[in-house]
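Scroll down for the structure; my scribbles are underneath it.
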Amino acid sequence: MSEEIARRFREILEAREFLIVGKKVARVDALDAVLGKPLYTADLVSGKTLYVKAVRSKIPHGYIRKIDTSPAASRQGIVKVLTHRDIPGVNDAGSLISDRPLLAYEKVRHIGEAVALVVGESLEAAEEAADHVEVDYDPLPVVTNPRDAMKPGAPRIQDRDNIVTHFKIRKGDVEKGFKESDVVIERTYRTQFITGLPLETEIAYSFLEEGGRITCIVSTQNLYDVYNKVVKILGVPGEKLRVIQAATGGGFGPKSDETPIDVAAYACLATYFTGKPALAAFSRSEAMTVQCKRHPFEITNMVGARNDGKLLAWRSTLIEDTGAYISKGHLVIGRATFHCTGPYEVPNVWADGYCVLTNNTMAGSTRGFGAPQAHFAAEMVLNELAEELGLSPLEIREINMLRPGSLTATSQKIEDDGLLKCYQRAVEASEWEKRVREIREFNRANKVLKKGIGIAMLYHGNTLGPEGDDFATVITYVERDGKVVVQTGLTEYGTGALTSLAIVTAETLGLPLSMVKLERPDTAAVPNAGPTVASRTTVIGGQAALDAALKIRATVAQVAAKMLSANPADLEFRDGLVKANGRTVTWNEVVNQCFEENISLRVVGYYIAPPTKWDPETGQGAPYNQYTYGALVAEVTVDTETGVVKVDRLTAAYDVGRAINPLGLVAVYEGGSIMGQGYALMEKIVHDDGVVINPNLHTYVIPTASDTPDEIRSIIVEVKGSMGVFGAKAMGEIPVVLPAASIAAAVANATGIYIRELPLTPQRVLEELHKSRQ
Amino acid sequence: MKAEFMVNDVKYVVEVEPNERLSDVLRRKLGFVSVKEGCGVGDCGLCIVLLDGKPVNSCLMLAYQASGHRITTVEGMGDGTRLHPLQQAFIDVGAVQCGFCIPAALLVLKHLHDTKPDADREEVRHALRSVLCRCGSYIRFEEAFKQVSRR
Amino acid sequence: MSMQGYLGIPRIEVMIPSSVEEALNLLQTHPDAEILAAGTHIITQLTLGAKRTRKYIDINNLHHLRKISHHKGVATVGSLVTHQELASTLINHVPAFTTFLQKYSSPAVANRATVGGSIMLRSAGEDLIPILLTLDAELSFATPEGVKNVPLTAFLAGGFGGRGLLQTISFKLNGSCFFDKLWMGVSRIPLISVAVSSEGDNGVRVAVSHKDGSTPGRVATVEKFLSTHVLSEEVVEKASRLMMDSINPESDVLASSWYRRRVAGVLLKRLLQNLRR
């Protein structure tokens with residue numbers, strides 16, 4: 001009965017005009033934020049606590065001959081020193097693949113790998129003692145170039161082949177395609193290590209509760225990843241650990257990956273052994289050394305087309321450096337390879353993606369997950385091809401873009417015209433033709449400054465697809481005062497996605513947003529809701545929130561129907577009222593009645609995405625349920641004497657499916673664009689023979705307010721998707737994907753030079769200009 | 001050592017160690033947890049407070065050195081019952097993402113608003129350069145400032 | 001870094017003299033102590049574990065070191081004057097200070113960092129140094145043997161050969177002094193910075209952040225060339241190229257020596273073109 005009503009209500013909701021969805025509303029956590037009230041992990045430490053500091057390897061590769069902890073252990077203020085031998089459970093901190101020990105034994109494989117833990121009564125004592133743990137190494141040859149690591153006979157990083165994954169796409173007959181092509185070009189593109197750099201570094205605080213349960217408060221995207229691993233590391237039954245996510249100062253991928261597990265385990269081990277509260281936090285340089293980074297890629301694209309611009313064949317070789325441990329490297333290479341042709345239809349595709357181990361620091365989840373690298377190489381080669389063909393960047397895109405009925409590189413049929421709409425809106429809003437003319441004028445009049453314009457486009461397979469179980473759970477309950485509480489294991493770390501869950505809930509129940517409260521994610525209160533990654537919170541989590549809210553509505557409706565002598569399915573929920581046949585009861589009256597009648601208003605909402613299918617031998621199939629599309633136009637001014645690239649304007653059009661919270665979207669558009677601009681122009685973690693030499697914010701530079709473009713035009717395109725809540729599509733990661741590709745295109749337009757390696761620092765640009773003049 | 005200073009118009013007399021930084025004392029001893037720390041070396045600006053009305057990095061200052069000065073944190077921005085207009089504008093324009101830099105961003109803009117309410121875009125960006133925001137809310141902050149300026 | 005706001009820097013001992021005599025006395029009796037002004041650099045180094053000194057003489061109670069005065073075209077600035085105070089007070093006399101503030105990598109630091117601190121660091125990261133070099137700055141140290149005056153150029157070349165307290169910095173107020181720099185993010189270390197000031201018939205002073213390695217300095221060859229030529233378009237071009245050949249900047253993670261040489265020449269060219277106008 002109630003399920004049927006819920007189904008009926010879903011139809012009603014989707015048929016009528018939304019009350020809150022799509023309207024400009026403030027995020028539910030904005031007021032606290034402007035008052036400085038959110039409590040991040042460090043803010044929750046009260047009273048005396050122990051401090052845990054890791055002893056980290058000073059060499060990138062070597063056997064551990066001996067670890068002598070006694071000089072550290074005997075120091076004043078040191079409570080305990082731990083090595084791999086002391087781990088009560090399993091010495092395994094790999095988030096998905098168990099290749100990474102929490103504390104190294106036998107061998108260290110990258111600079112900064114944790115070898116021991118020092119637990120001190122003060123941070124000072126712990127830090128000083130950490131320098132006194134003596135570790136003897138037998139250094140091994142250091143392999144930092146994945147091409148070297150792939151060679152037969154290369155030193156092995158782990159007890160396995162250095163090539164972790166060989167990911168393939170085989171579509172059509174690529175040789176035939178090249179033969180039939182009038183123009184074929186081949187180019188190699190390179191991208192760099194960058195760090196996601198949430199401004200709050202990794203941190204965890206643990207203490208013992210009554211009953212001997214350890215509670216761990218942690219800054220993380222993935223509550224249950226931390227929980228599941230730390231339980232095993234401690235070797236305790238599940239009920240002996242509780243993990244709570246505190247307010248989290250940025251995620252960007254790394255906080256979904258390995259290092260939150262590390263700090264949580266450090267703190268929990270100290271509490272496990274001493275019974276006392278313990279805090280473990282990374283310093284900025286620690287975070288910048290060991291936090292999972294964006295994978296560097298070397299991508300060689302060979303593309304062939306007819307004279308009329310139609311792409312006929314595409315061969316990609318993608319080599320991904322995942323560092324010393326796999327982390328998510330085997331999945332990132334998959335996403336990059338799936339997207340290696342960009343959002344274009346190519347009848348014949350051959351792609352080989354390799355995930356390779358080296359002695360560099362670990363790369364893993366970073367906002368975009370392989371897409372920025374793949375799209376940079378795809379968009380660049382397309383522009384270079386267009387130039388060979390005498391076509392404009394717009395023409396080649398119009399000819400080849402994915403449209404309804406097109407087949408992707410994996411032969412998945414595209415159903416909607418989101419890409420075309422994004423393209424049209426971006427071109428129109430950027431006043432492309434007019435700007436092209438103005439730029440021509442400007443460049444004629446100026447010798448030193450040169451302006452340029454570039455476009456790049458994307459498609460982005462939504463949510464996890466082949467990367468994991470794409471489910472979410474939400475617990476929703478109504479309190480006696482009528483407030484609706486939404487609690488989930490999905491996390492807020494800046495994206496605003498949990499506000500979307502609140503919006504969906506309020507919309508469904510016809511309540512103002514202020515009636516919906518969000519509770520902190522807590523393993524003692526909520527079941528696993530899957531990871532908060534892959535821009536899936538609004539899309540998948542929103543469906544779970546909708547499921548829960550519909551169940552509440554159905555239950556409430558049955559009670560209200562009696563009060564109003566009406567049919568439950570005919571009830572209207574609006575403005576905190578329930579109405580039928582011209583009669584009204586308030587939300588609170590119905591809730592009160594439910595409590596009187598002992599009717600439970602606590603439900604679990606659940607959603608799981610339809611399974612995706614693809615053939616690992618050919619990559620063919622439908623790896624994702626739906627795609628987000630986008631087009632980004634960049635305008636730049638290049639100072640040809642200094643190499644400085646200034647981004648004048650970005651025009652971004654993304655197909656978000658359904659804008660649940662447009663105000664939040666604008667912040668995500670702009671913020672992602674700026675982060676992407678850092679990737680394009682400034683950021684690079686530099687390894688010198690495996691040693692990170694710039695783990696600080698004054699030599700690893702990120703964009704400041706002064707680097708912001710003069711203008712970012714944010715255009716919301718809504719072509720309803722088939723999977724997400726109310727048609728929503730994944731958005732969190734998307735805006736970071738295209739800036740590098742479109743800025744590099746604009747620089748090429750300004751200077752005539754295709755710079756095939758990121759970032760486009762002033763020095764690189766000047767060097768390239770210099771080379772071209774010689 | 002003894003440090004004596006005002007925080008948000010309240011006088012504090014605190015016993016401090018010479019190596020305690022202003023950020024340490026504000027957070028730990030006085031409970032102003034809105035003062036964040038993102039790098040500890042004056043790069044990120046998340047520990048910014050107003051010292052006699054001017055933004056300074058509280059991680060680059062020893063606590064005793066603040067003696068005799070007036071400190072403002074974001075907790076002292078409103079008038080106790082109402083938000084400062086910049087705080088309201090931050091909410092209205094959707095400036096909050098992860099929230100970690102928000103107190104510092106609000107304080108540098110408060111100083112700018114107090115000293116130059118009609119500051120142009122370059123001046124707003126110049127002031128904001130003291131605060132890194134990895135979520136990239138810079139344009140939202142600028143919008144908020146504009147909104148308050150217009151009033 | 002301490003995150004939770006616990007002691008982030010090691011234990012230190014601080015002495016706070018209330019007179020110059022007392023400060024000098026402490027310098028004598030504590031050879032292992034260093035002078036601490038605002039601490040924007042020293043605290044950073046302590047936090048990073050890069051500094052071993054544990055004893056400091058905090059001179060912040062020497063209030064007379066906060067004064068700025070000028071007389072007959074010469075400014076005298078106390079060593080405790082902050083970057084912000086210095087530049088905003090003298091902005092109408094020295095146009096370079098406008099750019100100095102505009103291009104300050106992290107402006108909040110200017111509210112604390114002191115002029116004396118910048119001088120004592122002698123590093124390419126201190127934008128004031130090239131500017132002051134072109135203004136013929138002279139440093140005045142209090143020492144147990146009395147006041148010692150040392151030109152900034154000489155100080156950069158080798159100090160002044162003793163322990164003392166930098167009290168004041170004097171320099172010319174020159175309305176034709178200009179400054180420019182390139183930098184990235186919040187890095188205090190510029191890609192390059194260049195200052196020029198015209199002395200009318202007496203030629204042009206030129207200084208750069210990375211003269212040798214990461215030490216700022218004046219560029220004699222360029223100055224000499226400019227002193228014997230009228231600033232024509234062609235002379236500017238030649239000076240620019242000469243600049244590129246006359247300095248030997250270090251390569252670091254932000255920029256190569258090649259890049260620094262080239263853009264030093266470019267910035268010089270632009271500043272000289274400014275002078276011509």
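Here, A, B, ... name the chains of the structure tokens in the order displayed, residue numbers run from 1 inside each chain, and ligands are numbered from 1 in the same displayed order.
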Exercise. If you run DSSP over the backbone, which residues in stretch 36-167 of chain C end up alpha helix (DSSP H)? Put them as a PyMOL selection string.
Key: chain C and resi 42-47+83-90+96-102+107-110+115-121+128-134+152-158
Would you mind exporting N, CA and C atoms of the selected residues as a short mmCIF file (atom, residue, chain, number, x, y, z; two decimals), in the first residue's frame?
data_model
loop_
_atom_site.label_atom_id
_atom_site.label_comp_id
_atom_site.auth_asym_id
_atom_site.auth_seq_id
_atom_site.Cartn_x
_atom_site.Cartn_y
_atom_site.Cartn_z
N ILE C 42 61.73 34.33 11.25
CA ILE C 42 62.32 33.43 12.26
C ILE C 42 61.30 32.39 12.72
N ILE C 43 60.07 32.80 12.95
CA ILE C 43 59.06 31.85 13.42
C ILE C 43 58.83 30.77 12.36
N THR C 44 58.82 31.19 11.11
CA THR C 44 58.68 30.23 10.02
C THR C 44 59.80 29.19 10.07
N GLN C 45 61.01 29.68 10.25
CA GLN C 45 62.16 28.77 10.24
C GLN C 45 62.13 27.84 11.46
N LEU C 46 61.67 28.37 12.58
CA LEU C 46 61.54 27.51 13.77
C LEU C 46 60.49 26.44 13.54
N THR C 47 59.37 26.84 12.93
CA THR C 47 58.28 25.89 12.68
C THR C 47 58.75 24.77 11.76
N HIS C 83 56.75 46.86 6.54
CA HIS C 83 56.74 47.09 5.09
C HIS C 83 55.57 47.97 4.70
N GLN C 84 54.43 47.71 5.31
CA GLN C 84 53.23 48.46 4.98
C GLN C 84 53.39 49.94 5.37
N GLU C 85 53.90 50.17 6.58
CA GLU C 85 54.08 51.55 7.05
C GLU C 85 55.07 52.30 6.16
N LEU C 86 56.19 51.65 5.89
CA LEU C 86 57.21 52.29 5.07
C LEU C 86 56.64 52.70 3.72
N ALA C 87 56.05 51.72 3.04
CA ALA C 87 55.62 51.97 1.67
C ALA C 87 54.46 52.97 1.63
N SER C 88 53.52 52.83 2.55
CA SER C 88 52.37 53.72 2.45
C SER C 88 52.74 55.14 2.88
N THR C 89 53.72 55.29 3.77
CA THR C 89 54.13 56.63 4.18
C THR C 89 54.89 57.35 3.08
N LEU C 90 55.71 56.61 2.37
CA LEU C 90 56.61 57.27 1.40
C LEU C 90 56.17 57.09 -0.04
N ALA C 96 58.24 53.46 -6.69
CA ALA C 96 58.49 52.01 -6.58
C ALA C 96 57.68 51.38 -5.45
N PHE C 97 57.38 52.19 -4.41
CA PHE C 97 56.66 51.61 -3.27
C PHE C 97 55.22 51.25 -3.62
N THR C 98 54.67 51.91 -4.62
CA THR C 98 53.32 51.53 -5.07
C THR C 98 53.34 50.10 -5.60
N THR C 99 54.28 49.84 -6.50
CA THR C 99 54.39 48.49 -7.08
C THR C 99 54.77 47.48 -6.01
N PHE C 100 55.66 47.93 -5.11
CA PHE C 100 56.09 47.05 -4.02
C PHE C 100 54.87 46.51 -3.27
N LEU C 101 53.93 47.38 -2.94
CA LEU C 101 52.74 46.92 -2.22
C LEU C 101 51.79 46.13 -3.12
N GLN C 102 51.62 46.63 -4.35
CA GLN C 102 50.71 45.93 -5.27
C GLN C 102 51.16 44.51 -5.52
N PRO C 107 49.80 39.93 1.16
CA PRO C 107 49.79 41.29 1.73
C PRO C 107 49.70 41.37 3.25
N ALA C 108 49.06 40.38 3.89
CA ALA C 108 48.94 40.47 5.35
C ALA C 108 50.32 40.47 6.01
N VAL C 109 51.26 39.80 5.39
CA VAL C 109 52.60 39.73 5.98
C VAL C 109 53.23 41.12 6.05
N ALA C 110 52.86 42.00 5.10
CA ALA C 110 53.42 43.35 5.09
C ALA C 110 53.04 44.15 6.34
N VAL C 115 61.30 46.39 8.03
CA VAL C 115 62.34 46.80 7.10
C VAL C 115 63.68 46.20 7.54
N GLY C 116 63.95 46.26 8.83
CA GLY C 116 65.21 45.71 9.34
C GLY C 116 65.32 44.22 9.08
N GLY C 117 64.21 43.52 9.29
CA GLY C 117 64.20 42.09 9.06
C GLY C 117 64.56 41.76 7.62
N SER C 118 64.00 42.52 6.68
CA SER C 118 64.28 42.29 5.26
C SER C 118 65.76 42.46 4.97
N ILE C 119 66.32 43.55 5.51
CA ILE C 119 67.73 43.83 5.23
C ILE C 119 68.60 42.68 5.75
N MET C 120 68.30 42.26 6.98
CA MET C 120 69.16 41.26 7.61
C MET C 120 69.08 39.92 6.89
N LEU C 121 67.99 39.68 6.17
CA LEU C 121 67.86 38.41 5.46
C LEU C 121 68.71 38.35 4.20
N LEU C 128 62.23 44.65 -0.92
CA LEU C 128 62.71 45.98 -0.54
C LEU C 128 64.16 46.18 -0.93
N ILE C 129 64.92 45.11 -0.90
CA ILE C 129 66.37 45.27 -1.07
C ILE C 129 66.74 45.88 -2.43
N PRO C 130 66.24 45.34 -3.55
CA PRO C 130 66.58 46.00 -4.82
C PRO C 130 66.16 47.47 -4.86
N ILE C 131 65.00 47.76 -4.28
CA ILE C 131 64.54 49.15 -4.29
C ILE C 131 65.51 50.02 -3.50
N LEU C 132 65.83 49.57 -2.29
CA LEU C 132 66.71 50.37 -1.43
C LEU C 132 68.11 50.47 -2.02
N LEU C 133 68.51 49.43 -2.74
CA LEU C 133 69.84 49.49 -3.38
C LEU C 133 69.92 50.63 -4.38
N THR C 134 68.83 50.82 -5.12
CA THR C 134 68.90 51.89 -6.13
C THR C 134 68.76 53.26 -5.49
N LEU C 152 74.30 49.79 2.11
CA LEU C 152 73.60 48.52 1.91
C LEU C 152 74.39 47.60 0.97
N THR C 153 74.99 48.18 -0.06
CA THR C 153 75.77 47.37 -1.01
C THR C 153 76.88 46.62 -0.29
N ALA C 154 77.58 47.34 0.59
CA ALA C 154 78.69 46.73 1.31
C ALA C 154 78.17 45.65 2.26
N PHE C 155 77.03 45.95 2.88
CA PHE C 155 76.46 44.98 3.82
C PHE C 155 76.11 43.68 3.10
N LEU C 156 75.52 43.81 1.91
CA LEU C 156 75.15 42.61 1.15
C LEU C 156 76.39 41.84 0.75
N ALA C 157 77.46 42.57 0.50
CA ALA C 157 78.69 41.92 0.04
C ALA C 157 79.37 41.17 1.17
N GLY C 158 79.18 41.63 2.42
CA GLY C 158 79.91 40.91 3.47
C GLY C 158 79.58 41.32 4.88
#
Quiz item: Near A:Val526, within 12 Å and counting only C-alpha atoms, which residues show up once chain neighbours fewer than 6 positions away are dropped, as a PyMOL selection string?
Solution: chain A and resi 223-224+242-245+472-476+486-491+519-520+603-605
Serialized selection, N, CA and C atoms, as a compact mmCIF listing (two decimals), in the first residue's frame:
# COMPACT_ATOMS: atom_id res chain seq x y z
N LEU A 223 33.93 7.66 5.21
CA LEU A 223 33.79 7.18 6.58
C LEU A 223 34.09 5.68 6.70
N TYR A 224 33.44 4.90 5.87
CA TYR A 224 33.52 3.45 6.03
C TYR A 224 34.82 2.86 5.51
N ARG A 242 34.37 3.10 16.42
CA ARG A 242 33.35 4.01 15.91
C ARG A 242 34.10 5.14 15.21
N VAL A 243 33.69 5.46 13.99
CA VAL A 243 34.35 6.53 13.24
C VAL A 243 33.32 7.62 12.95
N ILE A 244 33.71 8.85 13.25
CA ILE A 244 32.83 9.99 13.01
C ILE A 244 33.57 10.98 12.12
N GLN A 245 32.88 11.49 11.13
CA GLN A 245 33.51 12.50 10.29
C GLN A 245 33.25 13.88 10.90
N ALA A 472 23.81 3.94 -2.39
CA ALA A 472 23.82 4.88 -1.28
C ALA A 472 22.67 4.56 -0.34
N THR A 473 22.88 4.87 0.93
CA THR A 473 21.80 4.74 1.91
C THR A 473 21.66 6.04 2.67
N VAL A 474 20.44 6.32 3.05
CA VAL A 474 20.16 7.51 3.85
C VAL A 474 19.15 7.11 4.91
N ILE A 475 19.38 7.54 6.13
CA ILE A 475 18.36 7.33 7.17
C ILE A 475 17.67 8.67 7.39
N THR A 476 16.36 8.64 7.30
CA THR A 476 15.61 9.87 7.52
C THR A 476 14.58 9.62 8.62
N VAL A 486 18.14 14.07 8.38
CA VAL A 486 18.71 13.23 7.34
C VAL A 486 20.11 12.85 7.78
N GLN A 487 20.36 11.57 7.83
CA GLN A 487 21.68 11.13 8.25
C GLN A 487 22.19 10.09 7.27
N THR A 488 23.44 10.23 6.89
CA THR A 488 23.99 9.31 5.91
C THR A 488 25.49 9.17 6.12
N GLY A 489 26.02 8.13 5.56
CA GLY A 489 27.47 7.93 5.59
C GLY A 489 28.16 8.71 4.49
N LEU A 490 27.39 9.31 3.61
CA LEU A 490 27.99 10.22 2.62
C LEU A 490 28.40 11.49 3.37
N THR A 491 29.44 12.14 2.88
CA THR A 491 30.02 13.22 3.68
C THR A 491 29.98 14.56 2.96
N GLU A 519 22.72 15.32 10.10
CA GLU A 519 23.56 14.88 11.23
C GLU A 519 24.93 14.47 10.71
N ARG A 520 25.90 14.55 11.59
CA ARG A 520 27.26 14.12 11.24
C ARG A 520 27.30 12.65 10.88
N VAL A 603 12.95 5.91 8.55
CA VAL A 603 13.06 5.01 7.39
C VAL A 603 14.49 4.98 6.86
N VAL A 604 14.76 3.93 6.13
CA VAL A 604 16.04 3.85 5.43
C VAL A 604 15.77 4.01 3.94
N GLY A 605 16.42 4.96 3.35
CA GLY A 605 16.32 5.14 1.90
C GLY A 605 17.50 4.46 1.24
Dump as a tab-separated table the rows for residues of chain B within 10 Å of chain C: closest atom pair and distance in Å with one decimal, only C-alpha atoms counted, ordered by chain and rising residue number.
residue	atom	partner	partner_atom	distance
B:Met1	CA	C:Val14	CA	9.8
B:Glu17	CA	C:Arg11	CA	8.2
B:Pro18	CA	C:Ile12	CA	6.3
B:Asn19	CA	C:Arg11	CA	5.5
B:Glu20	CA	C:Leu7	CA	5.7
B:Arg21	CA	C:Leu7	CA	7.5
B:Leu22	CA	C:Gly5	CA	9.3
B:Ser23	CA	C:Gly5	CA	6.5
B:Asp24	CA	C:Gly5	CA	4.2
B:Val25	CA	C:Gly5	CA	7.3
B:Leu26	CA	C:Gly5	CA	8.1
B:Arg27	CA	C:Gly5	CA	5.6
B:Arg28	CA	C:Gly5	CA	5.6
B:Lys29	CA	C:Gly5	CA	9.0
B:Gly31	CA	C:Gly5	CA	9.8
B:Val33	CA	C:Gly5	CA	8.7
B:Val35	CA	C:Gly5	CA	9.1
B:Lys36	CA	C:Met3	CA	7.7
B:Glu37	CA	C:Met3	CA	5.7
B:Gly38	CA	C:Met3	CA	7.4
B:Cys39	CA	C:Met1	CA	6.5
B:Gly40	CA	C:Met1	CA	5.0
B:Val41	CA	C:Thr44	CA	4.8
B:Gly42	CA	C:Thr44	CA	7.3
B:Asp43	CA	C:Val186	CA	6.2
B:Cys44	CA	C:Val186	CA	7.9
B:Gly45	CA	C:Ala108	CA	7.9
B:Ile48	CA	C:Ala108	CA	7.9
B:Val49	CA	C:Ala108	CA	9.7
B:Leu50	CA	C:Ala108	CA	9.6
B:Leu51	CA	C:Asn111	CA	9.1
B:Lys54	CA	C:Asn111	CA	7.1
B:Pro55	CA	C:Ala108	CA	5.4
B:Val56	CA	C:Ala108	CA	5.1
B:Asn57	CA	C:Ala108	CA	6.7
B:Ser58	CA	C:Thr40	CA	9.9
B:Cys59	CA	C:Ile43	CA	8.1
B:Leu60	CA	C:Thr40	CA	5.0
B:Met61	CA	C:Gly39	CA	6.5
B:Leu62	CA	C:Gly39	CA	7.9
B:Gln65	CA	C:Asn60	CA	8.1
B:Val108	CA	C:Ala108	CA	8.3
B:Glu122	CA	C:Gln102	CA	9.3
B:Glu123	CA	C:Gln102	CA	8.7
B:His126	CA	C:Gln102	CA	7.1
B:Ala127	CA	C:Pro107	CA	6.6
B:Leu128	CA	C:Pro107	CA	8.5
B:Arg129	CA	C:Ser106	CA	5.8
B:Ser130	CA	C:Ser106	CA	4.5
B:Val131	CA	C:Ser106	CA	7.9
B:Leu132	CA	C:Val186	CA	8.5
Would you mind exporting the chosen residues as a short mmCIF file (atom, residue, chain, number, x, y, z; two decimals), in the first residue's frame, restricted to C-alpha atoms?
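See again_12.cif below for the written result:
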data_model
loop_
_atom_site.label_atom_id
_atom_site.label_comp_id
_atom_site.auth_asym_id
_atom_site.auth_seq_id
_atom_site.Cartn_x
_atom_site.Cartn_y
_atom_site.Cartn_z
CA MET B 1 55.32 35.29 30.55
CA GLU B 17 55.25 30.38 27.00
CA PRO B 18 57.66 32.36 24.82
CA ASN B 19 57.27 29.83 22.02
CA GLU B 20 53.49 29.91 21.96
CA ARG B 21 52.31 31.60 18.83
CA LEU B 22 49.33 33.87 18.85
CA SER B 23 47.39 31.23 16.88
CA ASP B 24 48.20 28.62 19.56
CA VAL B 25 46.93 30.80 22.38
CA LEU B 26 43.82 31.97 20.56
CA ARG B 27 42.84 28.41 19.69
CA ARG B 28 43.96 26.41 22.67
CA LYS B 29 43.86 28.71 25.64
CA GLY B 31 38.96 28.74 22.47
CA VAL B 33 38.75 27.83 17.07
CA VAL B 35 41.41 30.69 13.75
CA LYS B 36 42.62 27.89 11.48
CA GLU B 37 46.04 26.63 10.60
CA GLY B 38 46.82 25.43 7.10
CA CYS B 39 50.58 25.64 6.79
CA GLY B 40 52.18 27.20 9.86
CA VAL B 41 54.57 29.30 7.82
CA GLY B 42 52.55 32.28 6.63
CA ASP B 43 51.69 31.00 3.17
CA CYS B 44 48.02 30.08 3.42
CA GLY B 45 46.67 32.90 5.60
CA ILE B 48 44.67 35.58 9.90
CA VAL B 49 43.20 37.75 12.64
CA LEU B 50 42.89 41.51 12.79
CA LEU B 51 45.53 43.13 14.98
CA LYS B 54 44.80 45.08 10.30
CA PRO B 55 45.11 41.52 9.02
CA VAL B 56 48.11 39.58 10.34
CA ASN B 57 49.06 35.93 10.24
CA SER B 58 48.67 34.76 13.83
CA CYS B 59 50.97 31.81 13.17
CA LEU B 60 53.81 34.24 12.46
CA MET B 61 53.51 36.05 15.74
CA LEU B 62 54.44 35.08 19.26
CA GLN B 65 54.02 40.11 21.19
CA VAL B 108 40.64 40.51 5.31
CA GLU B 122 41.98 44.67 -8.14
CA GLU B 123 42.06 45.94 -4.57
CA HIS B 126 44.94 42.07 -3.66
CA ALA B 127 43.51 41.86 -0.14
CA LEU B 128 42.24 38.32 -0.71
CA ARG B 129 45.66 37.22 -1.92
CA SER B 130 46.58 36.82 1.75
CA VAL B 131 44.15 33.90 2.00
CA LEU B 132 44.37 30.73 -0.05
#
Quiz prompt | Members of stretch 16-134 of chain B assigned strand (DSSP E) by DSSP, as a ChimeraX atom specification | solution = /B:48-51,54-57,70-72
Quiz item: Could you name the residues that touch A:Val636 at 8 Å or less, counting only C-alpha atoms, but leaving out those on the same chain fewer than 4 positions away, as a ChimeraX atom specification?
Solution: /A:451-453,645-649,743,746-747,750
Deliver the residues from the most recent selection as a file, using C-alpha atoms, as a PDB file, in the first residue's frame.
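Written out: selection-v2.pdb:
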ATOM      1  CA  LYS A 451      45.598  37.200 -27.151  1.00  0.00           C
ATOM      2  CA  GLY A 452      44.062  33.862 -27.940  1.00  0.00           C
ATOM      3  CA  ILE A 453      40.836  31.921 -27.600  1.00  0.00           C
ATOM      4  CA  VAL A 645      49.737  33.628 -19.397  1.00  0.00           C
ATOM      5  CA  LYS A 646      46.846  35.607 -18.022  1.00  0.00           C
ATOM      6  CA  VAL A 647      43.410  34.039 -18.216  1.00  0.00           C
ATOM      7  CA  ASP A 648      41.029  36.809 -19.214  1.00  0.00           C
ATOM      8  CA  ARG A 649      37.759  34.977 -19.311  1.00  0.00           C
ATOM      9  CA  ILE A 743      43.801  27.320 -21.832  1.00  0.00           C
ATOM     10  CA  ALA A 746      43.991  29.499 -26.282  1.00  0.00           C
ATOM     11  CA  VAL A 747      47.760  29.816 -25.817  1.00  0.00           C
ATOM     12  CA  ALA A 750      47.714  33.314 -29.345  1.00  0.00           C
TER      13      ALA A 750
END
Quiz prompt | Nearest-residue call for chain B, choices A:Phe726, A:Tyr669, A:Tyr459, A:Tyr423, using only C-alpha atoms | solution = A:Tyr669
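For the pair atom CA of A:Gly22 and atom CA of A:Leu650, the interatomic distance is 23.4 Å.
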Practice problem: Taking only C-alpha atoms into account, report as a PyMOL selection string which residues of chain A lie within 7 Å of chain B. | Solution: chain A and resi 26+30-31+33-37+43+198-200+248-250+284+493-496+663-664+667+670-672+674-675+697-698+704-706
